[in-house]
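This is data-v4.cif. It holds mmCIF, N, CA and C atoms.
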```cif
data_structure
#
loop_
_atom_site.label_atom_id
_atom_site.label_comp_id
_atom_site.auth_asym_id
_atom_site.auth_seq_id
_atom_site.Cartn_x
_atom_site.Cartn_y
_atom_site.Cartn_z
N MET Z 1 -78.69 -13.77 -45.64
CA MET Z 1 -77.47 -13.75 -46.33
C MET Z 1 -76.60 -12.61 -45.82
N THR Z 2 -77.16 -11.51 -45.56
CA THR Z 2 -76.42 -10.37 -45.03
C THR Z 2 -75.83 -10.74 -43.67
N ARG Z 3 -76.65 -11.47 -42.98
CA ARG Z 3 -76.18 -11.87 -41.67
C ARG Z 3 -74.99 -12.83 -41.80
N ILE Z 4 -75.01 -13.71 -42.69
CA ILE Z 4 -73.92 -14.66 -42.88
C ILE Z 4 -72.68 -13.91 -43.37
N LEU Z 5 -72.89 -12.96 -44.25
CA LEU Z 5 -71.78 -12.17 -44.77
C LEU Z 5 -71.14 -11.36 -43.65
N ALA Z 6 -71.92 -10.81 -42.75
CA ALA Z 6 -71.39 -10.04 -41.63
C ALA Z 6 -70.60 -10.95 -40.70
N MET Z 7 -71.07 -12.17 -40.48
CA MET Z 7 -70.36 -13.11 -39.61
C MET Z 7 -69.05 -13.54 -40.25
N LEU Z 8 -69.06 -13.78 -41.52
CA LEU Z 8 -67.83 -14.17 -42.19
C LEU Z 8 -66.81 -13.03 -42.17
N THR Z 9 -67.27 -11.83 -42.34
CA THR Z 9 -66.37 -10.68 -42.30
C THR Z 9 -65.76 -10.55 -40.90
N THR Z 10 -66.58 -10.73 -39.88
CA THR Z 10 -66.09 -10.65 -38.51
C THR Z 10 -65.07 -11.74 -38.25
N LEU Z 11 -65.37 -12.96 -38.67
CA LEU Z 11 -64.43 -14.05 -38.49
C LEU Z 11 -63.12 -13.79 -39.24
N LEU Z 12 -63.26 -13.26 -40.42
CA LEU Z 12 -62.07 -12.96 -41.21
C LEU Z 12 -61.23 -11.88 -40.53
N LEU Z 13 -61.88 -10.85 -40.00
CA LEU Z 13 -61.14 -9.78 -39.32
C LEU Z 13 -60.47 -10.31 -38.05
N VAL Z 14 -61.17 -11.14 -37.31
CA VAL Z 14 -60.58 -11.70 -36.09
C VAL Z 14 -59.41 -12.60 -36.45
N ALA Z 15 -59.54 -13.39 -37.47
CA ALA Z 15 -58.49 -14.30 -37.89
C ALA Z 15 -57.26 -13.53 -38.36
N CYS Z 16 -57.47 -12.42 -38.99
CA CYS Z 16 -56.34 -11.61 -39.49
C CYS Z 16 -55.77 -10.73 -38.39
N GLY Z 17 -56.42 -10.61 -37.28
CA GLY Z 17 -55.89 -9.83 -36.17
C GLY Z 17 -56.25 -8.38 -36.21
N THR Z 18 -57.12 -7.96 -37.05
CA THR Z 18 -57.50 -6.55 -37.05
C THR Z 18 -58.94 -6.44 -36.65
N GLY Z 19 -59.18 -5.46 -35.87
CA GLY Z 19 -60.55 -5.20 -35.48
C GLY Z 19 -61.06 -6.11 -34.40
N GLY Z 20 -60.33 -7.13 -33.99
CA GLY Z 20 -60.77 -8.02 -32.95
C GLY Z 20 -60.33 -7.52 -31.59
N PRO Z 21 -60.71 -8.23 -30.57
CA PRO Z 21 -60.32 -7.80 -29.23
C PRO Z 21 -58.79 -7.90 -29.09
N ALA Z 22 -58.25 -6.96 -28.38
CA ALA Z 22 -56.81 -6.94 -28.18
C ALA Z 22 -56.38 -8.07 -27.26
N VAL Z 23 -55.34 -8.74 -27.63
CA VAL Z 23 -54.80 -9.80 -26.80
C VAL Z 23 -53.80 -9.17 -25.85
N PRO Z 24 -54.01 -9.35 -24.55
CA PRO Z 24 -53.06 -8.71 -23.61
C PRO Z 24 -51.67 -9.32 -23.77
N THR Z 25 -50.72 -8.46 -23.69
CA THR Z 25 -49.33 -8.92 -23.80
C THR Z 25 -48.59 -8.54 -22.52
N VAL Z 26 -47.58 -9.29 -22.20
CA VAL Z 26 -46.75 -9.00 -21.04
C VAL Z 26 -45.69 -8.00 -21.48
N PRO Z 27 -45.63 -6.85 -20.77
CA PRO Z 27 -44.61 -5.89 -21.17
C PRO Z 27 -43.22 -6.48 -20.94
N THR Z 28 -42.38 -6.21 -21.90
CA THR Z 28 -41.00 -6.69 -21.76
C THR Z 28 -40.12 -5.49 -21.49
N SER Z 29 -39.20 -5.68 -20.56
CA SER Z 29 -38.26 -4.60 -20.27
C SER Z 29 -37.00 -4.85 -21.07
N PRO Z 30 -36.32 -3.77 -21.40
CA PRO Z 30 -35.07 -3.97 -22.15
C PRO Z 30 -34.11 -4.80 -21.29
N ALA Z 31 -33.30 -5.55 -21.95
CA ALA Z 31 -32.35 -6.39 -21.23
C ALA Z 31 -31.45 -5.51 -20.37
N GLN Z 32 -31.33 -5.88 -19.10
CA GLN Z 32 -30.48 -5.13 -18.18
C GLN Z 32 -29.02 -5.48 -18.48
N PRO Z 33 -28.22 -4.44 -18.68
CA PRO Z 33 -26.81 -4.76 -18.93
C PRO Z 33 -26.22 -5.39 -17.67
N SER Z 34 -25.44 -6.42 -17.85
CA SER Z 34 -24.84 -7.06 -16.69
C SER Z 34 -23.71 -6.18 -16.18
N LYS Z 35 -23.64 -6.09 -14.86
CA LYS Z 35 -22.59 -5.28 -14.26
C LYS Z 35 -21.31 -6.10 -14.24
N PRO Z 36 -20.22 -5.48 -14.64
CA PRO Z 36 -18.96 -6.24 -14.61
C PRO Z 36 -18.57 -6.54 -13.17
N ALA Z 37 -17.94 -7.66 -12.98
CA ALA Z 37 -17.48 -8.02 -11.65
C ALA Z 37 -16.41 -7.03 -11.21
N PRO Z 38 -16.42 -6.67 -9.93
CA PRO Z 38 -15.38 -5.73 -9.48
C PRO Z 38 -14.01 -6.37 -9.61
N PRO Z 39 -13.00 -5.56 -9.86
CA PRO Z 39 -11.66 -6.13 -10.00
C PRO Z 39 -11.22 -6.74 -8.67
N PRO Z 40 -10.38 -7.74 -8.71
CA PRO Z 40 -9.93 -8.32 -7.45
C PRO Z 40 -9.12 -7.31 -6.65
N VAL Z 41 -9.24 -7.39 -5.36
CA VAL Z 41 -8.50 -6.48 -4.49
C VAL Z 41 -7.05 -6.90 -4.51
N PRO Z 42 -6.15 -5.97 -4.86
CA PRO Z 42 -4.74 -6.34 -4.91
C PRO Z 42 -4.22 -6.63 -3.51
N PRO Z 43 -3.27 -7.51 -3.39
CA PRO Z 43 -2.70 -7.76 -2.06
C PRO Z 43 -1.98 -6.51 -1.59
N PRO Z 44 -1.89 -6.35 -0.28
CA PRO Z 44 -1.19 -5.15 0.21
C PRO Z 44 0.27 -5.16 -0.25
N ALA Z 45 0.74 -3.98 -0.56
CA ALA Z 45 2.14 -3.86 -0.99
C ALA Z 45 3.04 -4.24 0.18
N PRO Z 46 4.10 -4.98 -0.10
CA PRO Z 46 4.99 -5.33 0.99
C PRO Z 46 5.60 -4.08 1.59
N SER Z 47 5.77 -4.10 2.86
CA SER Z 47 6.33 -2.96 3.55
C SER Z 47 7.62 -3.39 4.25
N ALA Z 48 8.55 -2.48 4.33
CA ALA Z 48 9.82 -2.77 4.97
C ALA Z 48 10.11 -1.69 6.00
N ARG Z 49 11.05 -2.01 6.85
CA ARG Z 49 11.50 -1.02 7.83
C ARG Z 49 12.99 -1.19 8.03
N VAL Z 50 13.61 -0.12 8.49
CA VAL Z 50 15.03 -0.14 8.79
C VAL Z 50 15.19 0.22 10.26
N TRP Z 51 15.89 -0.63 10.97
CA TRP Z 51 16.20 -0.40 12.38
C TRP Z 51 17.70 -0.15 12.46
N ALA Z 52 18.09 0.99 12.95
CA ALA Z 52 19.50 1.35 13.02
C ALA Z 52 19.87 1.74 14.45
N MET Z 53 21.08 1.39 14.83
CA MET Z 53 21.63 1.78 16.12
C MET Z 53 22.94 2.52 15.88
N VAL Z 54 23.07 3.67 16.50
CA VAL Z 54 24.31 4.44 16.40
C VAL Z 54 25.13 4.11 17.65
N ILE Z 55 26.33 3.57 17.42
CA ILE Z 55 27.17 3.13 18.53
C ILE Z 55 28.56 3.72 18.41
N ARG Z 56 29.28 3.66 19.51
CA ARG Z 56 30.71 4.02 19.48
C ARG Z 56 31.50 2.72 19.43
N ASP Z 57 32.79 2.82 19.34
CA ASP Z 57 33.65 1.64 19.18
C ASP Z 57 33.40 0.58 20.25
N SER Z 58 33.01 0.97 21.45
CA SER Z 58 32.80 0.01 22.55
C SER Z 58 31.50 -0.78 22.37
N GLY Z 59 30.62 -0.38 21.45
CA GLY Z 59 29.35 -1.06 21.23
C GLY Z 59 28.19 -0.40 21.96
N ALA Z 60 28.46 0.62 22.76
CA ALA Z 60 27.39 1.31 23.48
C ALA Z 60 26.76 2.36 22.57
N CYS Z 61 25.47 2.51 22.73
CA CYS Z 61 24.76 3.53 21.94
C CYS Z 61 25.15 4.92 22.43
N ILE Z 62 25.07 5.87 21.53
CA ILE Z 62 25.30 7.27 21.89
C ILE Z 62 24.09 8.09 21.44
N ALA Z 63 23.85 9.18 22.11
CA ALA Z 63 22.77 10.08 21.69
C ALA Z 63 23.14 10.63 20.33
N ALA Z 64 22.29 10.39 19.35
CA ALA Z 64 22.62 10.76 17.97
C ALA Z 64 21.33 11.01 17.19
N THR Z 65 21.50 11.57 16.00
CA THR Z 65 20.38 11.69 15.06
C THR Z 65 20.74 10.91 13.81
N VAL Z 66 19.70 10.35 13.20
CA VAL Z 66 19.87 9.63 11.95
C VAL Z 66 18.90 10.24 10.96
N GLN Z 67 19.42 10.67 9.81
CA GLN Z 67 18.60 11.32 8.79
C GLN Z 67 18.72 10.57 7.47
N ALA Z 68 17.58 10.40 6.80
CA ALA Z 68 17.60 9.84 5.44
C ALA Z 68 17.98 10.98 4.51
N ILE Z 69 19.13 10.87 3.85
CA ILE Z 69 19.61 11.98 3.02
C ILE Z 69 19.43 11.74 1.53
N SER Z 70 19.12 10.49 1.13
CA SER Z 70 18.79 10.24 -0.28
C SER Z 70 17.97 8.96 -0.36
N GLY Z 71 17.31 8.80 -1.51
CA GLY Z 71 16.45 7.64 -1.69
C GLY Z 71 15.12 7.84 -0.99
N GLN Z 72 14.47 6.74 -0.64
CA GLN Z 72 13.18 6.86 0.01
C GLN Z 72 13.32 7.40 1.42
N ALA Z 73 12.27 8.01 1.91
CA ALA Z 73 12.20 8.63 3.24
C ALA Z 73 13.13 9.83 3.36
N VAL Z 74 13.62 10.34 2.24
CA VAL Z 74 14.56 11.46 2.28
C VAL Z 74 13.97 12.60 3.12
N GLY Z 75 14.82 13.16 3.98
CA GLY Z 75 14.41 14.27 4.83
C GLY Z 75 13.90 13.84 6.20
N GLN Z 76 13.54 12.59 6.37
CA GLN Z 76 13.07 12.13 7.68
C GLN Z 76 14.25 12.02 8.64
N ILE Z 77 14.00 12.47 9.88
CA ILE Z 77 15.05 12.46 10.91
C ILE Z 77 14.52 11.71 12.12
N ARG Z 78 15.36 10.87 12.69
CA ARG Z 78 15.03 10.14 13.91
C ARG Z 78 16.11 10.43 14.95
N ALA Z 79 15.69 10.58 16.20
CA ALA Z 79 16.64 10.83 17.29
C ALA Z 79 16.79 9.57 18.12
N GLN Z 80 18.03 9.19 18.37
CA GLN Z 80 18.31 8.06 19.25
C GLN Z 80 18.65 8.63 20.62
N THR Z 81 17.77 8.40 21.57
CA THR Z 81 17.98 8.96 22.91
C THR Z 81 18.07 7.87 23.97
N ASN Z 82 17.56 6.68 23.68
CA ASN Z 82 17.56 5.59 24.68
C ASN Z 82 18.96 5.07 24.91
N GLU Z 83 19.20 4.69 26.15
CA GLU Z 83 20.43 3.97 26.43
C GLU Z 83 20.26 2.57 25.86
N CYS Z 84 21.22 2.08 25.17
CA CYS Z 84 21.12 0.75 24.59
C CYS Z 84 22.52 0.25 24.31
N ASP Z 85 22.59 -0.98 23.87
CA ASP Z 85 23.88 -1.49 23.41
C ASP Z 85 23.62 -2.37 22.20
N ALA Z 86 24.67 -2.73 21.53
CA ALA Z 86 24.54 -3.47 20.29
C ALA Z 86 23.90 -4.83 20.48
N TRP Z 87 23.83 -5.34 21.70
CA TRP Z 87 23.26 -6.66 21.96
C TRP Z 87 21.81 -6.60 22.42
N ALA Z 88 21.25 -5.40 22.53
CA ALA Z 88 19.87 -5.25 23.02
C ALA Z 88 18.89 -5.25 21.85
N TYR Z 89 17.63 -5.54 22.18
CA TYR Z 89 16.58 -5.51 21.15
C TYR Z 89 15.72 -4.27 21.28
N ASP Z 90 16.16 -3.31 22.03
CA ASP Z 90 15.42 -2.06 22.13
C ASP Z 90 16.40 -0.92 21.86
N GLY Z 91 15.86 0.25 21.73
CA GLY Z 91 16.70 1.39 21.42
C GLY Z 91 16.91 1.54 19.93
N GLY Z 92 17.77 2.46 19.59
CA GLY Z 92 18.01 2.72 18.17
C GLY Z 92 16.89 3.55 17.57
N VAL Z 93 16.85 3.60 16.26
CA VAL Z 93 15.82 4.36 15.53
C VAL Z 93 15.22 3.46 14.45
N VAL Z 94 14.00 3.76 14.07
CA VAL Z 94 13.31 2.95 13.07
C VAL Z 94 12.72 3.86 12.00
N PHE Z 95 12.94 3.50 10.75
CA PHE Z 95 12.27 4.11 9.61
C PHE Z 95 11.28 3.07 9.09
N GLU Z 96 10.00 3.41 9.07
CA GLU Z 96 8.96 2.45 8.71
C GLU Z 96 8.26 2.81 7.40
N ASN Z 97 7.41 1.88 6.95
CA ASN Z 97 6.61 2.05 5.73
C ASN Z 97 7.49 2.33 4.51
N LEU Z 98 8.55 1.58 4.40
CA LEU Z 98 9.46 1.72 3.27
C LEU Z 98 9.14 0.67 2.21
N THR Z 99 9.57 0.92 1.00
CA THR Z 99 9.38 -0.03 -0.09
C THR Z 99 10.60 -0.94 -0.15
N PRO Z 100 10.38 -2.26 -0.06
CA PRO Z 100 11.52 -3.18 -0.12
C PRO Z 100 12.29 -3.04 -1.43
N GLY Z 101 13.60 -3.16 -1.32
CA GLY Z 101 14.45 -3.17 -2.51
C GLY Z 101 14.85 -1.80 -3.03
N ILE Z 102 14.34 -0.72 -2.42
CA ILE Z 102 14.70 0.62 -2.89
C ILE Z 102 15.72 1.22 -1.93
N GLN Z 103 16.87 1.53 -2.47
CA GLN Z 103 18.01 2.02 -1.69
C GLN Z 103 17.73 3.36 -1.03
N MET Z 104 18.36 3.55 0.11
CA MET Z 104 18.33 4.84 0.80
C MET Z 104 19.68 5.05 1.48
N THR Z 105 20.03 6.30 1.72
CA THR Z 105 21.27 6.61 2.42
C THR Z 105 20.92 7.29 3.73
N LEU Z 106 21.49 6.77 4.81
CA LEU Z 106 21.28 7.34 6.13
C LEU Z 106 22.56 8.02 6.59
N ARG Z 107 22.41 9.14 7.30
CA ARG Z 107 23.56 9.85 7.89
C ARG Z 107 23.35 9.90 9.39
N ALA Z 108 24.30 9.35 10.13
CA ALA Z 108 24.26 9.41 11.59
C ALA Z 108 25.24 10.48 12.04
N SER Z 109 24.80 11.27 13.02
CA SER Z 109 25.68 12.31 13.56
C SER Z 109 25.40 12.49 15.05
N ALA Z 110 26.45 12.92 15.76
CA ALA Z 110 26.35 13.18 17.20
C ALA Z 110 27.43 14.18 17.57
N PRO Z 111 27.16 15.04 18.56
CA PRO Z 111 28.19 16.00 18.99
C PRO Z 111 29.45 15.26 19.47
N GLY Z 112 30.59 15.71 18.99
CA GLY Z 112 31.87 15.12 19.39
C GLY Z 112 32.27 13.90 18.57
N TYR Z 113 31.47 13.56 17.55
CA TYR Z 113 31.75 12.39 16.71
C TYR Z 113 31.71 12.81 15.23
N ALA Z 114 32.49 12.10 14.41
CA ALA Z 114 32.45 12.34 12.96
C ALA Z 114 31.20 11.68 12.40
N SER Z 115 30.48 12.40 11.52
CA SER Z 115 29.27 11.85 10.89
C SER Z 115 29.64 10.66 10.01
N GLN Z 116 28.69 9.79 9.83
CA GLN Z 116 28.91 8.59 9.02
C GLN Z 116 27.69 8.36 8.14
N ASN Z 117 27.90 8.12 6.85
CA ASN Z 117 26.81 7.77 5.92
C ASN Z 117 26.84 6.27 5.67
N VAL Z 118 25.65 5.67 5.57
CA VAL Z 118 25.55 4.26 5.21
C VAL Z 118 24.44 4.11 4.18
N ILE Z 119 24.66 3.22 3.23
CA ILE Z 119 23.64 2.91 2.21
C ILE Z 119 22.92 1.65 2.68
N VAL Z 120 21.60 1.73 2.66
CA VAL Z 120 20.76 0.63 3.15
C VAL Z 120 19.75 0.28 2.07
N VAL Z 121 19.49 -1.02 1.89
CA VAL Z 121 18.44 -1.48 0.99
C VAL Z 121 17.47 -2.29 1.86
N PRO Z 122 16.32 -1.69 2.23
CA PRO Z 122 15.37 -2.39 3.09
C PRO Z 122 14.82 -3.65 2.41
N THR Z 123 14.53 -4.66 3.23
CA THR Z 123 13.92 -5.88 2.74
C THR Z 123 12.63 -6.13 3.50
N ALA Z 124 11.71 -6.83 2.88
CA ALA Z 124 10.46 -7.17 3.56
C ALA Z 124 10.77 -8.27 4.58
N GLY Z 125 9.96 -8.34 5.60
CA GLY Z 125 10.14 -9.37 6.61
C GLY Z 125 11.08 -8.91 7.70
N VAL Z 126 11.57 -9.88 8.46
CA VAL Z 126 12.42 -9.58 9.61
C VAL Z 126 13.78 -9.11 9.12
N GLN Z 127 14.23 -8.04 9.72
CA GLN Z 127 15.53 -7.49 9.37
C GLN Z 127 16.22 -7.11 10.67
N GLY Z 128 17.46 -7.49 10.83
CA GLY Z 128 18.22 -7.14 12.03
C GLY Z 128 18.62 -5.67 12.01
N ALA Z 129 19.17 -5.24 13.12
CA ALA Z 129 19.59 -3.84 13.24
C ALA Z 129 20.83 -3.58 12.38
N ILE Z 130 20.90 -2.37 11.90
CA ILE Z 130 22.07 -1.90 11.17
C ILE Z 130 22.85 -1.05 12.16
N PHE Z 131 24.11 -1.39 12.36
CA PHE Z 131 24.93 -0.65 13.31
C PHE Z 131 25.73 0.39 12.56
N ILE Z 132 25.65 1.61 13.05
CA ILE Z 132 26.41 2.71 12.48
C ILE Z 132 27.39 3.15 13.56
N THR Z 133 28.67 2.89 13.35
CA THR Z 133 29.68 3.19 14.35
C THR Z 133 30.29 4.56 14.06
N LEU Z 134 30.24 5.42 15.06
CA LEU Z 134 30.83 6.75 14.94
C LEU Z 134 32.13 6.81 15.73
N SER Z 135 33.10 7.50 15.17
CA SER Z 135 34.38 7.69 15.83
C SER Z 135 34.43 9.08 16.44
N GLN Z 136 35.01 9.15 17.65
CA GLN Z 136 35.13 10.46 18.29
C GLN Z 136 36.11 11.32 17.53
N THR Z 137 35.80 12.60 17.51
CA THR Z 137 36.71 13.55 16.86
C THR Z 137 37.73 14.01 17.90
N SER Z 138 38.86 14.45 17.44
CA SER Z 138 39.90 14.93 18.34
C SER Z 138 39.47 16.27 18.93
N PRO Z 139 39.82 16.50 20.21
CA PRO Z 139 39.47 17.79 20.83
C PRO Z 139 40.24 18.94 20.29
#
```
Would you write the structure of this file as structure tokens?
Amino acid sequence: MTRILAMLTTLLLVACGTGGPAVPTVPTSPAQPSKPAPPPVPPPAPSARVWAMVIRDSGACIAATVQAISGQAVGQIRAQTNECDAWAYDGGVVFENLTPGIQMTLRASAPGYASQNVIVVPTAGVQGAIFITLSQTSP
């Protein structure tokens, strides 16, 4: 009888989960937080440039300097030294990496000529040359 009582107690303990052999369990790791998707790469900002030629009344280029005096690129100076004419695709000066639609004022000057200011609004894409005509000063 003692033996039967001991067996029943053992069965009861195993059935209740205490005192019996441990049941192996698979360790669970905490849920990994999902990483947010990286933000989309923004498209490159549009860039504009201004191509200017300083000419005299005849249409021929003259040695001159062009300075941005207000707006974007303020303080930048470009020297026009190449021989060119208003019908050529080379020569003149270029201001690059500008923001389209933002106004700037350029001042062209050359020895023996009156300075001239022009207001320019750069646009993205192809843009023709801006001609700045200087008049000779009286001797």
Compare Z:Ile62, Z:Ala48, Z:Cys84, Z:Ala37 by their minimum atom-to-atom distance to Z:Gly125, counting only N, CA and C atoms, and give me the closest one.
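The closest residue to Z:Gly125 is Z:Ala48.
When the distance limit is 12 Å and only C-alpha atoms are what count, the residues near Z:Val126, minus those fewer than 6 positions from it on the same chain, are Ser47, Ala48, Arg49, Val50, Trp51 and Pro100 of chain Z.
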In Å, how far is it from atom CA of Z:Ala73 to atom C of Z:Ile130?
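Those two atoms sit 16.9 Å apart.
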Check what the PyMOL selection byres (((chain Z and resi 106 and name CA) around 12) and name CA) selects in the file above and give those residues as a ChimeraX atom specification.
/Z:50-54,65-78,93-95,103-105,107-109,115-122,130-132
What's the separation between atom N of Z:Tyr113 and atom CA of Z:Gly59, in Å to one decimal place?
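Pair atom N of Z:Tyr113 / atom CA of Z:Gly59 returns 15.2 Å.
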